[in-house]
Amino acid sequence: MKRVILSVICVLAVNGCVKTLPITPIDAPVVAASDGATYDAGRDASDADMKLEMSARQQSNKIDVDIKVTDAATASGEIQKLVTDMGGYVKSGTASHVIAYVPADRADRFLDRMGTDIGKLRKIDRSVTDVTDTGNDVAAKLESMIAVRTRYTELLAKTTDVDQIMKIETELQRVNANILALQGQLANIKTQVQYTLFNIDIDDTTIWSGVKTMFKTPAFYVLLLPFVALAL
């Protein structure tokens, strides 16, 4: 009788730990799926949510931008606000550099708005990475791990031997950890596909900015050497 009670307790405990946990950062955005549904990367991810359909080639887009402005701090704030207005989110932002994600279908409009409303775009470098094979591979591994978890859970429900229960529980913990990791990878790939990554360097045209640039130039110190020699 004690063994049966212990078995029931172990089953309940393991079933509790098998529940899928949140696996993405709290600042992850809500992204739109190909069928028009939305996926909130910050909430608990169900097995259905984490499937990535890739019937066509999928690409991850990155754009490096240099923008010249009259006031860097003000421009940085305006850029970050524009990112939010476009439905994106800012990963990091300072007076001289902003890293942000903008919905891929609004990337060109975001560039136009920056060049029209905020400053002069001096350099735009685009890079594209095909993530189709990576996404399909991760999705296949995730599906396989979910099937393994299901088999272990079914086996656990039929087992009454305490030693076997403990072994299955250990395997379930390992499998569930793998599932969480794969779900995280898949969520990141989905974000890469649906959002364009922007690396934005901000240069201002103030006098102090010119002075700071001068001090960073090696040629300035070469020109300064004769005067240093005379002073010595």
# chains A, B, ... in the order shown; residues from 1 in each chain; ligands from 1

$ closest_atom_pairs --of "region 45-152 of chain A" --to "region 186-194 of chain A" --cutoff "7 Å" --atoms "only C-alpha atoms" --output "CSV"
residue,atom,partner,partner_atom,distance
A:Met50,CA,A:Leu186,CA,6.6
A:Gln58,CA,A:Val193,CA,6.4
A:Gln59,CA,A:Val193,CA,5.6
A:Ser60,CA,A:Val193,CA,4.9
A:Pro103,CA,A:Gln194,CA,6.0
A:Ala104,CA,A:Gln194,CA,5.6
A:Gly135,CA,A:Leu186,CA,6.6
A:Val138,CA,A:Leu186,CA,6.5
A:Ala139,CA,A:Leu186,CA,6.9

$ closest_residue --among "A:Val162, A:Ile168, A:Ile124, A:Val131" --to "Arg149 (chain A)" --atoms "only C-alpha atoms"
A:Ile168

$ residues_around --residues "Val175 (chain A)" --least-positions-apart "2" --cutoff "12 Å" --atoms "only C-alpha atoms" --output "PDB file with N, CA, C and O atoms, in the first residue's frame"
ATOM      1  N   CYS A  17       6.421  18.720 -13.281  1.00  0.00           N
ATOM      2  CA  CYS A  17       7.679  19.271 -13.791  1.00  0.00           C
ATOM      3  C   CYS A  17       7.764  19.181 -15.306  1.00  0.00           C
ATOM      4  O   CYS A  17       8.578  19.840 -15.928  1.00  0.00           O
ATOM      5  N   VAL A  18       6.891  18.368 -15.922  1.00  0.00           N
ATOM      6  CA  VAL A  18       6.940  18.211 -17.365  1.00  0.00           C
ATOM      7  C   VAL A  18       6.321  19.403 -18.079  1.00  0.00           C
ATOM      8  O   VAL A  18       6.561  19.643 -19.235  1.00  0.00           O
ATOM      9  N   LYS A  19       5.524  20.211 -17.387  1.00  0.00           N
ATOM     10  CA  LYS A  19       4.847  21.339 -18.018  1.00  0.00           C
ATOM     11  C   LYS A  19       5.859  22.243 -18.717  1.00  0.00           C
ATOM     12  O   LYS A  19       6.904  22.568 -18.193  1.00  0.00           O
ATOM     13  N   THR A  20       5.546  22.655 -19.952  1.00  0.00           N
ATOM     14  CA  THR A  20       6.422  23.525 -20.703  1.00  0.00           C
ATOM     15  C   THR A  20       6.525  24.881 -20.033  1.00  0.00           C
ATOM     16  O   THR A  20       5.521  25.474 -19.661  1.00  0.00           O
ATOM     17  N   LYS A 141      13.991  18.241 -34.644  1.00  0.00           N
ATOM     18  CA  LYS A 141      14.503  17.769 -33.360  1.00  0.00           C
ATOM     19  C   LYS A 141      13.481  18.001 -32.248  1.00  0.00           C
ATOM     20  O   LYS A 141      13.308  17.155 -31.371  1.00  0.00           O
ATOM     21  N   LEU A 142      12.807  19.144 -32.300  1.00  0.00           N
ATOM     22  CA  LEU A 142      11.799  19.458 -31.293  1.00  0.00           C
ATOM     23  C   LEU A 142      10.638  18.458 -31.361  1.00  0.00           C
ATOM     24  O   LEU A 142      10.178  17.956 -30.334  1.00  0.00           O
ATOM     25  N   GLU A 143      10.179  18.161 -32.559  1.00  0.00           N
ATOM     26  CA  GLU A 143       9.078  17.207 -32.722  1.00  0.00           C
ATOM     27  C   GLU A 143       9.463  15.829 -32.191  1.00  0.00           C
ATOM     28  O   GLU A 143       8.670  15.146 -31.542  1.00  0.00           O
ATOM     29  N   SER A 144      10.709  15.443 -32.454  1.00  0.00           N
ATOM     30  CA  SER A 144      11.193  14.148 -31.974  1.00  0.00           C
ATOM     31  C   SER A 144      11.246  14.112 -30.454  1.00  0.00           C
ATOM     32  O   SER A 144      10.846  13.121 -29.825  1.00  0.00           O
ATOM     33  N   MET A 145      11.745  15.202 -29.845  1.00  0.00           N
ATOM     34  CA  MET A 145      11.842  15.250 -28.388  1.00  0.00           C
ATOM     35  C   MET A 145      10.466  15.255 -27.726  1.00  0.00           C
ATOM     36  O   MET A 145      10.268  14.647 -26.673  1.00  0.00           O
ATOM     37  N   ILE A 146       9.510  15.927 -28.338  1.00  0.00           N
ATOM     38  CA  ILE A 146       8.150  15.942 -27.792  1.00  0.00           C
ATOM     39  C   ILE A 146       7.557  14.532 -27.827  1.00  0.00           C
ATOM     40  O   ILE A 146       6.871  14.103 -26.886  1.00  0.00           O
ATOM     41  N   ALA A 147       7.848  13.773 -28.905  1.00  0.00           N
ATOM     42  CA  ALA A 147       7.362  12.397 -28.996  1.00  0.00           C
ATOM     43  C   ALA A 147       7.993  11.530 -27.913  1.00  0.00           C
ATOM     44  O   ALA A 147       7.327  10.675 -27.305  1.00  0.00           O
ATOM     45  N   VAL A 148       9.291  11.746 -27.645  1.00  0.00           N
ATOM     46  CA  VAL A 148       9.971  10.988 -26.594  1.00  0.00           C
ATOM     47  C   VAL A 148       9.358  11.308 -25.236  1.00  0.00           C
ATOM     48  O   VAL A 148       9.118  10.414 -24.413  1.00  0.00           O
ATOM     49  N   ARG A 149       9.086  12.583 -24.986  1.00  0.00           N
ATOM     50  CA  ARG A 149       8.475  12.980 -23.724  1.00  0.00           C
ATOM     51  C   ARG A 149       7.104  12.320 -23.546  1.00  0.00           C
ATOM     52  O   ARG A 149       6.754  11.869 -22.448  1.00  0.00           O
ATOM     53  N   THR A 150       6.339  12.258 -24.625  1.00  0.00           N
ATOM     54  CA  THR A 150       5.016  11.627 -24.559  1.00  0.00           C
ATOM     55  C   THR A 150       5.126  10.154 -24.188  1.00  0.00           C
ATOM     56  O   THR A 150       4.364   9.651 -23.344  1.00  0.00           O
ATOM     57  N   ARG A 151       6.094   9.458 -24.793  1.00  0.00           N
ATOM     58  CA  ARG A 151       6.273   8.025 -24.492  1.00  0.00           C
ATOM     59  C   ARG A 151       6.687   7.819 -23.040  1.00  0.00           C
ATOM     60  O   ARG A 151       6.205   6.908 -22.363  1.00  0.00           O
ATOM     61  N   TYR A 152       7.607   8.671 -22.553  1.00  0.00           N
ATOM     62  CA  TYR A 152       8.032   8.553 -21.149  1.00  0.00           C
ATOM     63  C   TYR A 152       6.871   8.824 -20.191  1.00  0.00           C
ATOM     64  O   TYR A 152       6.719   8.165 -19.166  1.00  0.00           O
ATOM     65  N   THR A 153       6.053   9.820 -20.525  1.00  0.00           N
ATOM     66  CA  THR A 153       4.916  10.162 -19.665  1.00  0.00           C
ATOM     67  C   THR A 153       3.906   9.020 -19.617  1.00  0.00           C
ATOM     68  O   THR A 153       3.373   8.683 -18.549  1.00  0.00           O
ATOM     69  N   ILE A 168      12.648   7.028 -14.770  1.00  0.00           N
ATOM     70  CA  ILE A 168      11.856   7.721 -15.790  1.00  0.00           C
ATOM     71  C   ILE A 168      11.792   9.217 -15.502  1.00  0.00           C
ATOM     72  O   ILE A 168      11.865  10.051 -16.410  1.00  0.00           O
ATOM     73  N   GLU A 169      11.667   9.545 -14.213  1.00  0.00           N
ATOM     74  CA  GLU A 169      11.623  10.958 -13.836  1.00  0.00           C
ATOM     75  C   GLU A 169      12.898  11.677 -14.253  1.00  0.00           C
ATOM     76  O   GLU A 169      12.864  12.800 -14.771  1.00  0.00           O
ATOM     77  N   THR A 170      14.039  11.017 -14.044  1.00  0.00           N
ATOM     78  CA  THR A 170      15.325  11.617 -14.440  1.00  0.00           C
ATOM     79  C   THR A 170      15.381  11.848 -15.946  1.00  0.00           C
ATOM     80  O   THR A 170      15.823  12.904 -16.418  1.00  0.00           O
ATOM     81  N   GLU A 171      14.920  10.848 -16.718  1.00  0.00           N
ATOM     82  CA  GLU A 171      14.933  10.979 -18.169  1.00  0.00           C
ATOM     83  C   GLU A 171      13.969  12.070 -18.629  1.00  0.00           C
ATOM     84  O   GLU A 171      14.262  12.816 -19.569  1.00  0.00           O
ATOM     85  N   LEU A 172      12.827  12.178 -17.969  1.00  0.00           N
ATOM     86  CA  LEU A 172      11.868  13.222 -18.318  1.00  0.00           C
ATOM     87  C   LEU A 172      12.453  14.613 -18.093  1.00  0.00           C
ATOM     88  O   LEU A 172      12.246  15.529 -18.893  1.00  0.00           O
ATOM     89  N   GLN A 173      13.185  14.782 -17.015  1.00  0.00           N
ATOM     90  CA  GLN A 173      13.815  16.078 -16.741  1.00  0.00           C
ATOM     91  C   GLN A 173      14.827  16.426 -17.830  1.00  0.00           C
ATOM     92  O   GLN A 173      14.907  17.570 -18.280  1.00  0.00           O
ATOM     93  N   ALA A 177      14.371  19.487 -20.568  1.00  0.00           N
ATOM     94  CA  ALA A 177      15.386  20.535 -20.697  1.00  0.00           C
ATOM     95  C   ALA A 177      15.770  20.717 -22.167  1.00  0.00           C
ATOM     96  O   ALA A 177      15.949  21.851 -22.642  1.00  0.00           O
ATOM     97  N   ASN A 178      15.892  19.598 -22.896  1.00  0.00           N
ATOM     98  CA  ASN A 178      16.202  19.679 -24.326  1.00  0.00           C
ATOM     99  C   ASN A 178      15.080  20.359 -25.094  1.00  0.00           C
ATOM    100  O   ASN A 178      15.329  21.141 -26.027  1.00  0.00           O
ATOM    101  N   ILE A 179      13.848  20.056 -24.718  1.00  0.00           N
ATOM    102  CA  ILE A 179      12.698  20.677 -25.377  1.00  0.00           C
ATOM    103  C   ILE A 179      12.706  22.189 -25.175  1.00  0.00           C
ATOM    104  O   ILE A 179      12.489  22.968 -26.102  1.00  0.00           O
ATOM    105  N   LEU A 180      12.980  22.616 -23.951  1.00  0.00           N
ATOM    106  CA  LEU A 180      13.025  24.049 -23.651  1.00  0.00           C
ATOM    107  C   LEU A 180      14.092  24.749 -24.488  1.00  0.00           C
ATOM    108  O   LEU A 180      13.872  25.842 -25.019  1.00  0.00           O
ATOM    109  N   ALA A 181      15.259  24.115 -24.613  1.00  0.00           N
ATOM    110  CA  ALA A 181      16.342  24.711 -25.388  1.00  0.00           C
ATOM    111  C   ALA A 181      15.971  24.819 -26.865  1.00  0.00           C
ATOM    112  O   ALA A 181      16.218  25.841 -27.512  1.00  0.00           O
ATOM    113  N   LEU A 182      15.372  23.776 -27.409  1.00  0.00           N
ATOM    114  CA  LEU A 182      14.975  23.783 -28.814  1.00  0.00           C
ATOM    115  C   LEU A 182      13.860  24.798 -29.072  1.00  0.00           C
ATOM    116  O   LEU A 182      13.856  25.468 -30.113  1.00  0.00           O
TER     117      LEU A 182
END

$ atom_distance --atom1 "CA of Gln80 (chain A)" --atom2 "CA of Tyr101 (chain A)"
10.3 Å

$ atom_distance --atom1 "CA of Arg57 (chain A)" --atom2 "CA of Thr132 (chain A)"
5.5 Å

$ closest_residue --among "A:Leu155, A:Ile79, A:Ala72, A:Leu121" --to "Val102 (chain A)" --atoms "only C-alpha atoms"
A:Ile79
